[in-house]
Amino acid sequence: MISTSLAVSTTRRRLLYALAAAGGVAVGGGPRAAAREREAGADAGKAREIRAEFLHAWDGYKRFAWGHDEVLPVSGGHREFFAAGHPVGLSIVEALDTHFLMGLDDEVGLCLDWIDDRLDLDIDAPFQVFETTIRLVGGLLAGYLVTGRRALLELCADLADRLLPAFTRSPTGMPYRFVNLRTGAVSGRTTPLAEIGTHILEFGLLSELTGDPRYLRAAKGALGAVVRRRSSLDLLATTMNVETGEWADRAAIAVNPPVDSFYEYLWGAWTMFRDEDCREWFRTLTAAIKKHQSERSDGLLWFRQVDFRTGAPLGRRQSSLAVAVLPVGGDNALAADYYRSWTAVLDKYAVIPEEIDYPGLKATDPRNELRPEYANCAFELYWQTGDPFYRTTAWRYFQNLRAHHRVPGGYTVVSDVTRRPMAKGDHCPAYVFAENFKWLYLTFSDTSRFDYARGYLSTEGKLLRGARPPARSRLGWL
């Protein structure tokens with residue numbers, strides 16, 4: 001995340017793929033070419049194992065919870081994520097582009113059939129705007145990009161229209177937390193930073209695809225409204241009253257949630273849309289984070305919490321979600337440094353706890369909610385640097401995932417990573433179908449369905465650029 005670079009990161013591995021695509025790298029031709037081919041090659045055996053475990057999780061969802069948002073794989077039940085009594089098939093939407101990338105075309109067809117027949121977003125209930133954007137808007141966008149199914153883009157635009165009142169009815173342009181999808185009624189005026197600023201990738205892409213500028217305008221306006229309220233240290237606090245434009249607290253907690261993806265999306269707007277404002281905002285804010293929040297404990301890099309106006313230290317907690325923020329922005333050295341900090345946590349616990357107090361790596365929240373961020377970071381750093389260390393550690397993450405989260409009905413959360421055997425819960429979050437196995441599969445598969453040179457995935461693992469569908473004759477859902 002933290003970088004002063006103005007350019008999009010051009011890495012050895014991505015340059016290799018770009019040259020190959022342009023005909024600038026020979027497939028054969030001596031030791032150098034062979035070394036490049038090995039570096040860029042797949043590990044097919046590991047990719048097959050990852051795909052098989054994804055299917056085990058997916059089969060549990062289909063058996064116990066088809067059409068519902070999330071599966072309870074131990075009890076064989078299900079639950080809805082957004083609103084009780086109003087399923088939107090969240091796991092189906094989340095899984096759509098994962099199926100595509102893994103070549104599971106029959107499953108793509110099943111998902112499309114359910115969406116065509118059953119998904120109705122005219123729901124008289126409040127939906128959380130942030131989660132709806134990254135999961136449903138992003139999922140439908142990715143589904144459209146990998147299938148070409150126009151109905152998905154139409155559904156996506158309809159959903160975004162239902163979310164827009166959260167922005168347009170706000171006096172500051174920063175969105176309310178919730179909006180009723182039928183009535184447009186808004187609620188939740190105190191909003192975390194990530195929930196204000198994690199919209200520009202999905203909304204910006206939707207504006208590109210539809211020619212309707214309203215979505216991009218709303219999302220960028222919200223980002224700018226936050227940045228204008230930074231402190232004299234160029235730091236941001238955590239939550240904002242979106243009606244008054246006043247901060248509701250004083251804690252600068254980046255790179256932790258609930259502010260993490262705010263920074264990812266600033267750089268993402270530059271990467272995807274060449275938005276120079278977002279690039280400059282990113283540079284300003286992340287330079288301040290590096291200056292005022294970074295520190296070392298036992299030789300490992302961490303980011304302390306500070307008062308955003310004075311820089312005074314407030315705490316040293318660190319969330320497992322934070323590890324995926326740093327690979328954006330082009331500073332691979334810093335990202336690698338932070339990844340090694342979390343690898344030390346993986347080494348200590350085998351499964352990373354939700355939160356630690358980093359002096360001593362003490363688990364302050366011993367749960368693991370099947371978080372995908374470590375695998376996400378491993379994928380990004382492997383494809384940016386080519387260093388096999390990231391495949392090695394990603395494989396260890398996968399082996400521990402399989403050892404401790406797998407149950408007969410799929411995959412479930414762990415309630416205490418410090419116990420042996422680890423105590424399990426009864427819940428498979430829908431994001432598992434969008435992220436964990438997808439990041440791992442992309443790390444090992446070198447699939448021809450993804451453009452590694454220019455592909456881009458969102459904070460929720462949605463494929464927003466770089467889909468490479470095979471010949472139409474091979475796809476039964478076209």
# chains A, B, ... in the order shown; residues from 1 in each chain; ligands from 1
call {"tool": "select_by_dssp", "arguments": {"residues": "region 187-389 of chain A", "states": "strand (DSSP E or B)", "output": "ChimeraX atom specification"}}
result
/A:187,190-192,239-241,246-247,251-252,294-297,300-303,305-307,313-315,317-319,355-357,362-365,368
call {"tool": "residues_around", "arguments": {"residues": "region 367-369 of chain A", "least_positions_apart": "5", "cutoff": "10 Å", "atoms": "only C-alpha atoms", "output": "number ranges by chain"}}
result
A: 320, 351-355, 405, 412-418, 422-425, 427-429, 432
call {"tool": "write_last_selection", "arguments": {"atoms": "N, CA and C atoms", "output": "compact mmCIF listing (two decimals), in the first residue's frame"}}
result
# COMPACT_ATOMS: atom_id res chain seq x y z
N SER A 320 -5.88 -9.44 10.84
CA SER A 320 -5.42 -10.31 9.76
C SER A 320 -5.87 -9.82 8.39
N VAL A 351 -2.95 -21.41 11.70
CA VAL A 351 -4.09 -20.66 11.15
C VAL A 351 -4.04 -19.28 11.79
N ILE A 352 -4.10 -18.24 10.98
CA ILE A 352 -3.89 -16.88 11.48
C ILE A 352 -5.10 -16.42 12.28
N PRO A 353 -4.91 -15.95 13.51
CA PRO A 353 -6.04 -15.43 14.29
C PRO A 353 -6.58 -14.13 13.70
N GLU A 354 -7.81 -13.81 14.06
CA GLU A 354 -8.44 -12.60 13.55
C GLU A 354 -7.64 -11.35 13.90
N GLU A 355 -7.10 -11.29 15.11
CA GLU A 355 -6.41 -10.09 15.54
C GLU A 355 -5.30 -10.46 16.51
N HIS A 405 -9.94 -26.40 8.71
CA HIS A 405 -11.25 -25.82 8.39
C HIS A 405 -12.17 -26.79 7.66
N THR A 412 -15.52 -24.60 7.22
CA THR A 412 -16.15 -23.81 8.26
C THR A 412 -15.11 -22.98 9.01
N VAL A 413 -15.59 -22.00 9.75
CA VAL A 413 -14.73 -21.12 10.54
C VAL A 413 -14.16 -21.88 11.74
N VAL A 414 -13.09 -21.32 12.31
CA VAL A 414 -12.48 -21.85 13.52
C VAL A 414 -12.73 -20.86 14.65
N SER A 415 -13.13 -21.35 15.81
CA SER A 415 -13.44 -20.46 16.92
C SER A 415 -12.25 -20.18 17.82
N ASP A 416 -11.19 -21.01 17.75
CA ASP A 416 -10.01 -20.75 18.57
C ASP A 416 -8.80 -21.43 17.94
N VAL A 417 -7.91 -20.63 17.34
CA VAL A 417 -6.75 -21.19 16.66
C VAL A 417 -5.66 -21.61 17.64
N THR A 418 -5.80 -21.23 18.90
CA THR A 418 -4.76 -21.56 19.89
C THR A 418 -4.96 -22.93 20.51
N MET A 422 -8.13 -27.58 16.90
CA MET A 422 -8.79 -26.28 16.84
C MET A 422 -10.30 -26.45 16.91
N ALA A 423 -10.92 -25.62 17.76
CA ALA A 423 -12.38 -25.66 17.88
C ALA A 423 -13.01 -25.03 16.65
N LYS A 424 -13.99 -25.72 16.09
CA LYS A 424 -14.64 -25.25 14.87
C LYS A 424 -15.98 -24.62 15.17
N GLY A 425 -16.37 -23.65 14.33
CA GLY A 425 -17.71 -23.09 14.36
C GLY A 425 -18.58 -23.75 13.30
N HIS A 427 -20.09 -22.13 10.07
CA HIS A 427 -20.40 -21.04 9.14
C HIS A 427 -19.35 -21.01 8.04
N CYS A 428 -19.79 -20.95 6.82
CA CYS A 428 -18.90 -20.73 5.68
C CYS A 428 -19.29 -19.41 5.04
N PRO A 429 -18.52 -18.33 5.27
CA PRO A 429 -18.87 -17.04 4.67
C PRO A 429 -18.89 -17.14 3.15
N VAL A 432 -15.75 -16.94 0.83
CA VAL A 432 -14.87 -18.08 0.58
C VAL A 432 -14.97 -18.51 -0.89
call {"tool": "closest_residue", "arguments": {"among": "A:Trp439, A:Tyr61, A:Phe379, A:Phe167", "to": "Ala225 (chain A)", "atoms": "only C-alpha atoms"}}
result
A:Phe167
call {"tool": "closest_atom_pairs", "arguments": {"of": "region 191-238 of chain A", "to": "region 151-166 of chain A", "cutoff": "9 Å", "atoms": "only C-alpha atoms", "output": "CSV"}}
result
residue,atom,partner,partner_atom,distance
A:Phe203,CA,A:Ala160,CA,7.7
A:Leu206,CA,A:Ala157,CA,7.2
A:Leu209,CA,A:Leu153,CA,8.4
A:Thr210,CA,A:Ala157,CA,8.1
A:Arg214,CA,A:Leu164,CA,8.5
A:Tyr215,CA,A:Ala160,CA,7.5
A:Ala218,CA,A:Leu164,CA,7.6
call {"tool": "atom_distance", "arguments": {"atom1": "CA of Val179 (chain A)", "atom2": "CA of Arg79 (chain A)"}}
result
20.7 Å
call {"tool": "residues_around", "arguments": {"residues": "Leu193 (chain A)", "least_positions_apart": "2", "cutoff": "10 Å", "atoms": "only C-alpha atoms", "output": "VMD selection string"}}
result
chain A and resid 174 190 to 191 195 to 198 223 226 236 to 240 257 to 263
call {"tool": "select_by_dssp", "arguments": {"residues": "region 74-236 of chain A", "states": "helix (DSSP H, G or I)", "output": "JSON, numbers by chain"}}
result
{"A": [90, 91, 92, 93, 94, 95, 96, 97, 98, 99, 100, 101, 105, 106, 107, 108, 109, 110, 111, 112, 113, 114, 115, 116, 117, 118, 129, 130, 131, 132, 133, 134, 135, 136, 137, 138, 139, 140, 141, 142, 143, 144, 145, 146, 147, 150, 151, 152, 153, 154, 155, 156, 157, 158, 159, 160, 161, 162, 163, 165, 166, 167, 168, 193, 194, 195, 196, 197, 200, 201, 202, 203, 204, 205, 206, 207, 208, 209, 210, 214, 215, 216, 217, 218, 219, 220, 221, 222, 223, 224, 225, 226, 227]}
call {"tool": "residues_around", "arguments": {"residues": "region 298-310 of chain A", "least_positions_apart": "4", "cutoff": "9 Å", "atoms": "only C-alpha atoms", "output": "ChimeraX atom specification"}}
result
/A:230-237,250-256,289-290,292-294,314-318,334,337-342,344,358-360
call {"tool": "residues_around", "arguments": {"residues": "Glu435 (chain A)", "least_positions_apart": "2", "cutoff": "12 Å", "atoms": "only C-alpha atoms", "output": "CSV table (one decimal) with C-alpha atoms, in the first residue's frame"}}
result
chain,number,residue,atom,x,y,z
A,54,PHE,CA,-13.1,-25.5,-3.7
A,91,SER,CA,-22.7,-17.4,-2.5
A,94,GLU,CA,-19.7,-14.7,-5.3
A,95,ALA,CA,-18.7,-18.0,-6.9
A,96,LEU,CA,-19.5,-17.1,-10.5
A,97,ASP,CA,-16.2,-15.9,-11.8
A,98,THR,CA,-14.3,-18.4,-9.6
A,99,HIS,CA,-16.1,-21.2,-11.5
A,101,LEU,CA,-11.4,-19.3,-13.8
A,135,ARG,CA,-20.1,-8.5,-3.3
A,139,GLY,CA,-20.0,-10.2,-8.6
A,324,ALA,CA,-3.6,-7.7,1.7
A,370,LEU,CA,-11.8,-18.1,6.9
A,371,ARG,CA,-10.1,-14.8,6.0
A,372,PRO,CA,-8.5,-14.8,2.5
A,373,GLU,CA,-6.1,-11.9,2.9
A,374,TYR,CA,-2.9,-13.8,3.4
A,375,ALA,CA,-3.6,-15.9,0.2
A,376,ASN,CA,-4.5,-12.7,-1.6
A,377,CYS,CA,-1.2,-11.1,-0.7
A,379,PHE,CA,-0.8,-14.2,-5.1
A,429,PRO,CA,-18.9,-17.0,4.7
A,430,ALA,CA,-19.9,-16.4,1.1
A,431,TYR,CA,-16.6,-14.7,0.4
A,432,VAL,CA,-14.9,-18.1,0.6
A,433,PHE,CA,-16.3,-18.8,-2.9
A,437,PHE,CA,-9.6,-20.7,-3.3
A,438,LYS,CA,-9.5,-18.3,-6.2
A,439,TRP,CA,-6.3,-16.5,-4.9
A,440,LEU,CA,-4.6,-19.9,-4.4
A,441,TYR,CA,-5.7,-21.3,-7.7
A,442,LEU,CA,-4.4,-18.3,-9.6
A,457,LEU,CA,-9.3,-8.2,-9.1
A,458,SER,CA,-11.2,-6.1,-6.5
A,459,THR,CA,-10.9,-6.2,-2.7
A,460,GLU,CA,-13.5,-9.0,-2.8
A,461,GLY,CA,-11.6,-11.0,-5.4
A,462,LYS,CA,-13.9,-10.1,-8.3
A,463,LEU,CA,-12.3,-10.3,-11.7
call {"tool": "atom_distance", "arguments": {"atom1": "CA of Asp249 (chain A)", "atom2": "CA of Pro313 (chain A)"}}
result
14.5 Å
call {"tool": "residues_around", "arguments": {"residues": "His86 (chain A)", "least_positions_apart": "2", "cutoff": "12 Å", "atoms": "only C-alpha atoms", "output": "ChimeraX atom specification"}}
result
/A:67-69,79-84,88-90,118-127,181
